[in-house]
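Asks: Below: one structure in structure tokens.
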Amino acid sequence: MGLRRTVSLILLLAVGAFARDNLSRVAGRVLDTSGAAIPNAEIELHCRNSLRTALSSGTGEFAFADVNRAPCSITASAAGFASQTVDAVQQMRITLEPLTAVQSVTVTASRTTLAESDLPVTADVETTERLAREPALTIDDKLRQVPGFSLYRRSGSETANPTTQGVSLRGLGASGASRSLVLEDGVPLNDPFGGWIYWGRVPVENISQIDVVEGGVSDLYGSNALGGVINVRTRDQLQTAFIGEASYGSLNTPFGSFVASASKGKWGATFAGESFDTNGYIPTPPQYRGPVDTYADSEHRSGDLLLERESKNSRVFLRGQLYGESRQNGTLLQINAATVRQLETGGDWNGSFGTLALRVFGGTENLHQTFSSINAPRTVETLSVDQRVPVSQYGASVQWSKVIGRHMLAAGFDERNVTGDTNELHYVSGKYSSFLIAGGRQQTAGIFGEDVWQVTTHWLLSASLRFDDWINQDASSQNFPVAGNPTLTPFPDQSQTALSPRVGVTRVVNDRVSIYGSGYRSFRAPTLNELYRSFRVGNVVTNANQDLTAEHFAGGELGVRVQATDRVQVRATGFGGMLQSPVGNITLSSTPTLITRQRQNIGGIAVKGIELATDAQIAKFVSFTAGYQFVDATVSSNPNDPTLVGKLEPLVPRHAVTFAGTYSDPRVLTFSIQGRSNSTEYDDDQNTLPLDPYFNLGIYVSRQLKTGLRVFAASENLLNQSYIIARTPVPSVAEPRTFRVGVRIALGEIRGK
């Protein structure tokens with residue numbers, strides 16, 4: 001008996017020691033989106049089959065002692081806020097989003113921070129949690145859940161040529177170059193030469209939030225913001241932390257993305273990186289394929305190093321970015337590759353004078369592409385053009401803002417300088433025939449001012465005005481043929497100015513309803529790519545046009561936001577306007593083997609439509625979002641070719657639908673199902689190359705194994721729909737059904753900017 005008691009005592013002590021080794025303390029604070037503490041928030045600690053509760057203190061703090069290190073999660077909720085569930089860590093900060101429309105906050109629609117109910121524009125916010133539940137890998141495919149967001153073509157950045165990745169919002173279309181501005185922490189991501197976006201430049205795990213603002217905002221952001229602005233906000237360092245995701249999927253697709261942060265005193269460093277490879281698929285349908293068709297594969301690598309120093313009222317930083325990609329474009333001879341290098345520096349200062357923000361950036365890039373001609377049976381492919389495009393740019397911006405009484409004032413200046421040339425080896429019947437150099441320099445500069453006046457608690461007026469000036473200079477085309485004399489064609493300098501006003505009004509009816517409206521004029525200057533670089537896709541050649549002028553859009557919107565219940569938000573917006581002198585790819589001639597087009601300013605495109613969106617928290621763990629956009633974008637005038645009047649704008653669907661349903665219980669699993677559908681659209685100005693309607697369904701499922709460790713699986717195009725994404729004129733089809741599985745690790749905490 002004594003021996004048994006001794007053994008039992010030893011086992012009890014050992015179990016007790018093991019248990020003590022697996023106990024820890026979990027503590028944190030609950031804050032709102034402005035950083036203010038939320039007292040009396042209900043805190044639930046879930047650890048396997050156990051549940052513990054607490055209330056936050058007057059300073060928003062809470063703590064749990066003796067927490068088992070098995071997988072645990074924290075759910076925080078408070079009256080007037082949406083609940084938030086996160087993995088439990090020893091030190092944490094939980095930010096709750098306001099539940100009512102009056103309290104939701106965004107920062108991108110205006111140069112000042114406004115509550116969502118005060119915004120005179122339509123804004124969508126994609127949070128870290130939503131982005132993580134997207135089945136898609138790339139940022140552009142994740143953003144397709146926003147109604148009205150699309151690229152120049154239906155294809156995504158995983159396999160598509162980067163020059164087709166211009167952003168379209170609200171049916172304003174794109175021509176390779178975006179008609180919307182994309183920013184990363186306020187610095188332009190739009191390619192300085194062509195206006196398209198290299199989406200892989202921002203590692204996915206380094207994103208804290210993406211704000212999408214629809215409607216012209218050139219009054220604040222200048223050229224490229226003709227149709228809207230997308231601001232990708234990256235994570236900010238707080239303490240030593242690491243967040244990473246790794247996955248492997250069909251089509252031999254390994255993917256990895258991470259962000260690591262460390263701090264000491266006032267100094268901090270954040271490093272983010274991403275690696276992506278895929279064997280891709282053959283985009284040409286089987287009935288059209290020939291020996292020249294092959295896989296559209298791609299790979300990219302990105303790195304982002306941020307060094308910063310923070311004090312009570314200031315922050316200064318230095319950032320370096322490196323990005324490289326290469327692709328096979330679906331045939332044996334068509335390839336492209338790009339390398340982008342960029343440095344950024346600046347700072348933010350707060351004081352009695354207000355807030356001052358300074359950004360300076362610059363860098364270089366190189367684009368390499370090859371183009372070919374293919375015979376009708378697709379048995380022979382011959383090289384036609386080998387392009388190399390070196391580009392350099394630098395720019396700066398400064399912004400001041402201050403609240404004076406009921407007025408939120410902002411003013412600033414920004415400028416950008418771009419130099420680029422296309423260096424082309426031309427071939428005829430596969431034999432080298434000539435060498436062409438074409439390009440120039442573009443300088444843009446703008447100054448703006450904004451006043452947001454809180455007239456009463458229910459009325460808000462906003463007014464802003466921006467003046468821009470840009471010049472294209474030192475432009476020329478030099479041709480060096482194998483046979484014959486070289487020719488030099490200088491192009492005259494061109495300069496233009498633009499005045500971009502905007503007036504908005506918001507009426508907060510009550511704590512559940514707000515009505516808003518605005519009118520504006522925006523613009524986009526043609527890029528060096530549109531002015532001086534020609535290109536070929538399949539058997540379609542599109543020539544440059546050095547005489548292009550700026551596009552202008554005069555439009556407006558009227559909408560209502562409704563907090564239908566404490567768990568359901570609804571938004572409806574009507575919009576319209578006239579796109580004047582848009583740059584389009586106009587067909588000049590067409591034969592069975594070659595279609596020739598040229599970039600031209602056409603007369604005008606009339607745009608009108610409606611957008612509906614809802615966001616519902618159906619139950620504690622169940623949420624649902626949906627969006628619908630109808631847009632009618634038709635050519636209203638075109639003196640050069642009246643036959644285009646009444647035609648639909650190319651590559652703009654009239655109907656677009658998105659939805660997402662999510663079940664998320666941290667103790668069980670997270671499951672999300674998402675779908676999107678577009679109606680018929682056309683791949684050409686004459687509406688002769690239709691792209692049929694499509695429906696794409698995706699799913700995502702994940703389970704937490706232990707604190708900071710989660711496994712997941714995802715599928716895109718779950719129904720394996722084979723729909724057409726382009727006609728050149730041979731059709732190309734979308735990527736087939738794909739699956740991937742992966743793991744996500746989160747250690748410590750990195751907060752967003």
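We name chains A, B, ... following the order of the structure tokens; residues begin at 1 in each chain, and ligands are numbered from 1 as shown.
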Could you pull out the strand (DSSP E) residues of region 565-733 of chain A from DSSP and send them as an MDAnalysis selection string?

Replies: chainID A and resid 565 568:580 583:590 595:601 604:617 622:637 655:665 669:678 681:682 690:691 694:706 709:716 724:727 731:733

Asks: List as CSV every residue of region 185-230 of chain A that is in contact with region 129-153 of chain A, defined as an atom at most 12 Å from one of its atoms (using only C-alpha atoms), together with the nearest atom pair and the distance in Å rounded to one decimal, sorted by chain and then rising number.

Replies:
residue,atom,partner,partner_atom,distance
A:Gly195,CA,A:Tyr152,CA,11.4
A:Trp196,CA,A:Tyr152,CA,9.2
A:Ile197,CA,A:Asp140,CA,9.3
A:Tyr198,CA,A:Asp140,CA,9.7
A:Trp199,CA,A:Ile139,CA,6.3
A:Gly200,CA,A:Thr138,CA,7.1
A:Arg201,CA,A:Ile139,CA,9.9
A:Val202,CA,A:Ile139,CA,8.5
A:Pro203,CA,A:Ile139,CA,9.0
A:Val204,CA,A:Ile139,CA,7.0
A:Glu205,CA,A:Ala132,CA,8.7
A:Asn206,CA,A:Leu131,CA,11.4
A:Ile207,CA,A:Leu131,CA,8.8
A:Ser208,CA,A:Glu129,CA,9.0
A:Gln209,CA,A:Leu131,CA,8.3
A:Ile210,CA,A:Leu143,CA,8.8
A:Asp211,CA,A:Leu143,CA,10.2
A:Val212,CA,A:Val146,CA,8.3
A:Val213,CA,A:Phe149,CA,10.5
A:Glu214,CA,A:Gly148,CA,8.8
A:Gly215,CA,A:Gly148,CA,11.1
A:Gly227,CA,A:Phe149,CA,10.6
A:Gly228,CA,A:Phe149,CA,10.3
A:Val229,CA,A:Phe149,CA,11.2
A:Ile230,CA,A:Leu143,CA,10.0

Asks: Would you save the residues of that selection, restricted to N, CA and C atoms, as a PDB file, in the first residue's frame?

Replies:
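Okay, this is what ended up in out-v3.pdb:
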ATOM      1  N   GLY A 195       0.387  51.676 -67.031  1.00  0.00           N
ATOM      2  CA  GLY A 195      -0.823  51.862 -66.258  1.00  0.00           C
ATOM      3  C   GLY A 195      -1.452  50.596 -65.721  1.00  0.00           C
ATOM      4  N   TRP A 196      -0.952  49.409 -66.112  1.00  0.00           N
ATOM      5  CA  TRP A 196      -1.476  48.154 -65.579  1.00  0.00           C
ATOM      6  C   TRP A 196      -0.908  47.899 -64.190  1.00  0.00           C
ATOM      7  N   ILE A 197      -1.296  46.781 -63.560  1.00  0.00           N
ATOM      8  CA  ILE A 197      -0.894  46.495 -62.175  1.00  0.00           C
ATOM      9  C   ILE A 197      -0.154  45.165 -62.115  1.00  0.00           C
ATOM     10  N   TYR A 198       0.997  45.150 -61.473  1.00  0.00           N
ATOM     11  CA  TYR A 198       1.660  43.903 -61.102  1.00  0.00           C
ATOM     12  C   TYR A 198       1.147  43.532 -59.707  1.00  0.00           C
ATOM     13  N   TRP A 199       0.101  42.703 -59.660  1.00  0.00           N
ATOM     14  CA  TRP A 199      -0.576  42.422 -58.391  1.00  0.00           C
ATOM     15  C   TRP A 199       0.307  41.677 -57.406  1.00  0.00           C
ATOM     16  N   GLY A 200       1.255  40.902 -57.892  1.00  0.00           N
ATOM     17  CA  GLY A 200       2.112  40.138 -56.995  1.00  0.00           C
ATOM     18  C   GLY A 200       3.133  40.979 -56.252  1.00  0.00           C
ATOM     19  N   ARG A 201       3.212  42.287 -56.548  1.00  0.00           N
ATOM     20  CA  ARG A 201       4.197  43.127 -55.863  1.00  0.00           C
ATOM     21  C   ARG A 201       3.936  43.216 -54.361  1.00  0.00           C
ATOM     22  N   VAL A 202       2.684  43.093 -53.951  1.00  0.00           N
ATOM     23  CA  VAL A 202       2.341  43.183 -52.531  1.00  0.00           C
ATOM     24  C   VAL A 202       2.116  41.768 -52.002  1.00  0.00           C
ATOM     25  N   PRO A 203       2.988  41.242 -51.141  1.00  0.00           N
ATOM     26  CA  PRO A 203       2.741  39.916 -50.568  1.00  0.00           C
ATOM     27  C   PRO A 203       1.382  39.878 -49.866  1.00  0.00           C
ATOM     28  N   VAL A 204       0.600  38.852 -50.157  1.00  0.00           N
ATOM     29  CA  VAL A 204      -0.769  38.772 -49.642  1.00  0.00           C
ATOM     30  C   VAL A 204      -0.799  38.839 -48.119  1.00  0.00           C
ATOM     31  N   GLU A 205       0.136  38.190 -47.451  1.00  0.00           N
ATOM     32  CA  GLU A 205       0.121  38.158 -45.990  1.00  0.00           C
ATOM     33  C   GLU A 205       0.523  39.493 -45.373  1.00  0.00           C
ATOM     34  N   ASN A 206       0.991  40.423 -46.189  1.00  0.00           N
ATOM     35  CA  ASN A 206       1.364  41.736 -45.661  1.00  0.00           C
ATOM     36  C   ASN A 206       0.221  42.742 -45.779  1.00  0.00           C
ATOM     37  N   ILE A 207      -0.962  42.281 -46.165  1.00  0.00           N
ATOM     38  CA  ILE A 207      -2.106  43.177 -46.341  1.00  0.00           C
ATOM     39  C   ILE A 207      -2.951  43.191 -45.071  1.00  0.00           C
ATOM     40  N   SER A 208      -3.248  44.397 -44.586  1.00  0.00           N
ATOM     41  CA  SER A 208      -4.148  44.512 -43.440  1.00  0.00           C
ATOM     42  C   SER A 208      -5.561  44.855 -43.876  1.00  0.00           C
ATOM     43  N   GLN A 209      -5.699  45.553 -45.009  1.00  0.00           N
ATOM     44  CA  GLN A 209      -7.023  45.965 -45.463  1.00  0.00           C
ATOM     45  C   GLN A 209      -6.912  46.534 -46.867  1.00  0.00           C
ATOM     46  N   ILE A 210      -7.979  46.375 -47.656  1.00  0.00           N
ATOM     47  CA  ILE A 210      -8.053  46.979 -48.980  1.00  0.00           C
ATOM     48  C   ILE A 210      -9.331  47.808 -49.051  1.00  0.00           C
ATOM     49  N   ASP A 211      -9.183  49.083 -49.370  1.00  0.00           N
ATOM     50  CA  ASP A 211     -10.324  49.983 -49.518  1.00  0.00           C
ATOM     51  C   ASP A 211     -10.570  50.228 -51.001  1.00  0.00           C
ATOM     52  N   VAL A 212     -11.798  50.009 -51.437  1.00  0.00           N
ATOM     53  CA  VAL A 212     -12.184  50.210 -52.830  1.00  0.00           C
ATOM     54  C   VAL A 212     -13.218  51.329 -52.886  1.00  0.00           C
ATOM     55  N   VAL A 213     -12.885  52.425 -53.528  1.00  0.00           N
ATOM     56  CA  VAL A 213     -13.782  53.571 -53.658  1.00  0.00           C
ATOM     57  C   VAL A 213     -14.154  53.717 -55.127  1.00  0.00           C
ATOM     58  N   GLU A 214     -15.451  53.661 -55.420  1.00  0.00           N
ATOM     59  CA  GLU A 214     -15.939  53.731 -56.786  1.00  0.00           C
ATOM     60  C   GLU A 214     -16.406  55.143 -57.112  1.00  0.00           C
ATOM     61  N   GLY A 215     -16.193  55.544 -58.357  1.00  0.00           N
ATOM     62  CA  GLY A 215     -16.535  56.897 -58.778  1.00  0.00           C
ATOM     63  C   GLY A 215     -15.286  57.738 -58.924  1.00  0.00           C
ATOM     64  N   GLY A 227     -11.936  56.476 -62.551  1.00  0.00           N
ATOM     65  CA  GLY A 227     -13.064  55.629 -62.177  1.00  0.00           C
ATOM     66  C   GLY A 227     -13.098  55.222 -60.729  1.00  0.00           C
ATOM     67  N   GLY A 228     -12.076  55.567 -59.960  1.00  0.00           N
ATOM     68  CA  GLY A 228     -12.045  55.179 -58.560  1.00  0.00           C
ATOM     69  C   GLY A 228     -10.632  54.997 -58.068  1.00  0.00           C
ATOM     70  N   VAL A 229     -10.514  54.567 -56.817  1.00  0.00           N
ATOM     71  CA  VAL A 229      -9.198  54.339 -56.219  1.00  0.00           C
ATOM     72  C   VAL A 229      -9.269  53.103 -55.335  1.00  0.00           C
ATOM     73  N   ILE A 230      -8.204  52.318 -55.366  1.00  0.00           N
ATOM     74  CA  ILE A 230      -8.058  51.135 -54.520  1.00  0.00           C
ATOM     75  C   ILE A 230      -6.789  51.329 -53.708  1.00  0.00           C
TER      76      ILE A 230
END

Asks: If you count only C-alpha atoms, which residues fall within 7 Å of region 190-194 of chain A, apart from same-chain ones fewer than 6 positions away, as an NGL selection string?

Replies: :A and (177 or 181-182 or 391 or 393 or 418 or 420 or 527-529)

Asks: Using only C-alpha atoms, pick whichever of A:Gly405, A:Pro731, A:Pro162, A:Gly576 has the shortest atom-to-atom distance to Thr456 (chain A).

Replies: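 Between A:Gly405, A:Pro731, A:Pro162, A:Gly576, the residue approaching Thr456 (chain A) most closely is A:Gly405.
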
Asks: Which is closer to Thr506 (chain A) than all the others in A:Asp493, A:Asp474, A:Asp683, A:Glu557, using only C-alpha atoms?

Replies: A:Glu557

Asks: Considering only C-alpha atoms, return as a list in words whatever protein or nucleic-acid residues lie within 9 Å of Gly28 (chain A), sequence-local ones (same chain, fewer than 6 positions apart) excluded.

Replies: Gly60, Glu61, Phe62, Ala63, Val89, Gln90, Gln91, Met92, Arg93 and Ile94 of chain A

Asks: Ranking A:Leu251, A:Leu356, A:Val232, A:Leu436 by minimum distance to Asp277 (chain A) and counting only C-alpha atoms, which one comes first?

Replies: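 When distances to Asp277 (chain A) are compared using only C-alpha atoms, the smallest one comes from A:Leu251.
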
Asks: If you measure from CA of Pro285 (chain A) to CA of Leu172 (chain A), what distance in Å do you get, rounded to one decimal?

Replies: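 Taking CA of Pro285 (chain A) as the start and CA of Leu172 (chain A) as the end point, the length is 29.4 Å.
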
Asks: Applying 8 Å and only C-alpha atoms, which residues near Thr379 (chain A) remain after dropping the ones on its own chain fewer than 5 positions away? List them as a ChimeraX atom specification.

Replies: /A:290-292,374

Asks: What's around Gly504 (chain A) at 10 Å? Count only C-alpha atoms, leave out sequence neighbours fewer than 3 positions away in its own chain, and write the answer as a list in words.

Replies: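 Listing them by chain and then by number gives Asp118, Leu119, Pro120, Val121, Val452, Leu460, Leu461, Ser462, Ala463, Ser464, Tyr516, Gly517, Ser518, Gly519, Tyr520, Gly556, Glu557 and Leu558 of chain A.
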
Asks: Would you mind exporting N, CA and C atoms of the selected residues as a short mmCIF file (atom, residue, chain, number, x, y, z; two decimals), in the first residue's frame?

Replies:
data_model
loop_
_atom_site.label_atom_id
_atom_site.label_comp_id
_atom_site.auth_asym_id
_atom_site.auth_seq_id
_atom_site.Cartn_x
_atom_site.Cartn_y
_atom_site.Cartn_z
N ASP A 118 -20.89 59.16 -43.44
CA ASP A 118 -20.62 60.52 -43.91
C ASP A 118 -20.08 60.56 -45.34
N LEU A 119 -19.67 59.39 -45.86
CA LEU A 119 -19.02 59.38 -47.16
C LEU A 119 -20.02 59.71 -48.26
N PRO A 120 -19.71 60.66 -49.13
CA PRO A 120 -20.59 60.96 -50.26
C PRO A 120 -20.30 60.07 -51.46
N VAL A 121 -19.60 58.94 -51.24
CA VAL A 121 -19.25 58.01 -52.31
C VAL A 121 -19.50 56.59 -51.82
N VAL A 452 -14.18 69.39 -45.71
CA VAL A 452 -15.32 68.58 -45.29
C VAL A 452 -15.96 69.30 -44.11
N LEU A 460 -23.63 66.83 -43.75
CA LEU A 460 -22.21 67.01 -44.02
C LEU A 460 -22.03 67.40 -45.49
N LEU A 461 -21.25 68.43 -45.72
CA LEU A 461 -20.93 68.88 -47.07
C LEU A 461 -19.44 68.71 -47.31
N SER A 462 -19.08 68.32 -48.51
CA SER A 462 -17.67 68.22 -48.86
C SER A 462 -17.46 68.86 -50.22
N ALA A 463 -16.34 69.52 -50.34
CA ALA A 463 -15.98 70.16 -51.61
C ALA A 463 -14.48 70.05 -51.79
N SER A 464 -14.06 69.73 -52.99
CA SER A 464 -12.63 69.60 -53.27
C SER A 464 -12.36 70.02 -54.70
N TYR A 516 -26.71 59.84 -49.48
CA TYR A 516 -25.53 60.58 -49.95
C TYR A 516 -25.62 60.81 -51.46
N GLY A 517 -24.92 61.82 -51.90
CA GLY A 517 -24.85 62.11 -53.33
C GLY A 517 -23.64 62.96 -53.63
N SER A 518 -23.17 62.90 -54.86
CA SER A 518 -22.01 63.70 -55.24
C SER A 518 -21.99 63.89 -56.75
N GLY A 519 -21.32 64.93 -57.17
CA GLY A 519 -21.07 65.19 -58.58
C GLY A 519 -19.61 65.53 -58.76
N TYR A 520 -19.01 65.13 -59.89
CA TYR A 520 -17.57 65.30 -60.03
C TYR A 520 -17.16 65.29 -61.50
N GLY A 556 -21.84 61.45 -61.56
CA GLY A 556 -22.35 61.62 -60.21
C GLY A 556 -23.02 60.36 -59.73
N GLU A 557 -23.45 60.37 -58.48
CA GLU A 557 -24.12 59.22 -57.89
C GLU A 557 -25.06 59.69 -56.79
N LEU A 558 -26.04 58.84 -56.49
CA LEU A 558 -27.00 59.07 -55.42
C LEU A 558 -27.28 57.73 -54.77
#

Asks: Would you mind reading off the distance between CA of Lys431 (chain A) and CA of Thr487 (chain A), one decimal, in Å?

Replies: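 It comes out at 20.4 Å.
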
Asks: So that I can see what lies close to region 615-631 of chain A, please list as a PyMOL selection string the residues with an atom at most 6 Å from it, counting only C-alpha atoms and leaving out residues fewer than 6 positions away in the same chain.

Replies: chain A and resi 147+567-569+608-609+654-665

Asks: Would you export the selected residues with C-alpha atoms as a tab-separated table (two decimals), in the first residue's frame, please?

Replies:
chain	number	residue	atom	x	y	z
A	147	PRO	CA	-19.37	44.22	-57.52
A	567	ARG	CA	-27.26	42.41	-38.08
A	568	VAL	CA	-28.15	43.45	-41.62
A	569	GLN	CA	-26.75	46.34	-43.68
A	608	LYS	CA	-25.43	54.60	-66.22
A	609	GLY	CA	-26.19	51.91	-63.69
A	654	ARG	CA	-24.08	44.64	-68.16
A	655	HIS	CA	-24.82	42.38	-65.17
A	656	ALA	CA	-22.42	41.27	-62.43
A	657	VAL	CA	-23.40	39.28	-59.32
A	658	THR	CA	-21.29	38.21	-56.33
A	659	PHE	CA	-22.10	36.41	-53.09
A	660	ALA	CA	-20.33	34.81	-50.15
A	661	GLY	CA	-21.66	32.72	-47.27
A	662	THR	CA	-19.46	31.95	-44.26
A	663	TYR	CA	-19.72	29.71	-41.21
A	664	SER	CA	-16.94	30.46	-38.73
A	665	ASP	CA	-16.81	28.74	-35.34

Asks: When you count only C-alpha atoms, which of these residues is closest to Pro729 (chain A): A:Thr284, A:Thr670, A:Asn717, A:Ser250?

Replies: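 That would be A:Thr284, the residue with the smallest distance to Pro729 (chain A).
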
Asks: For a test of reading the model, state the distance in Å between CA of Leu691 (chain A) and CA of Thr593 (chain A), rounded to one decimal.

Replies: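 Result for CA of Leu691 (chain A) versus CA of Thr593 (chain A): 20.3 Å, one decimal.
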
Asks: Rank nothing, just name the residue among A:Arg388, A:Arg561, A:Lys706, A:Arg524 nearest to Ser581 (chain A), using only C-alpha atoms.

Replies: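 Once distances to Ser581 (chain A) are computed over only C-alpha atoms, the minimum belongs to A:Arg524.
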
Asks: Tell me which of A:Gly363, A:Pro650, A:Gly35, A:Gly708 sits closest to Ala241 (chain A), counting only C-alpha atoms.

Replies: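 Comparing A:Gly363, A:Pro650, A:Gly35, A:Gly708 against Ala241 (chain A), the winner is A:Gly708.
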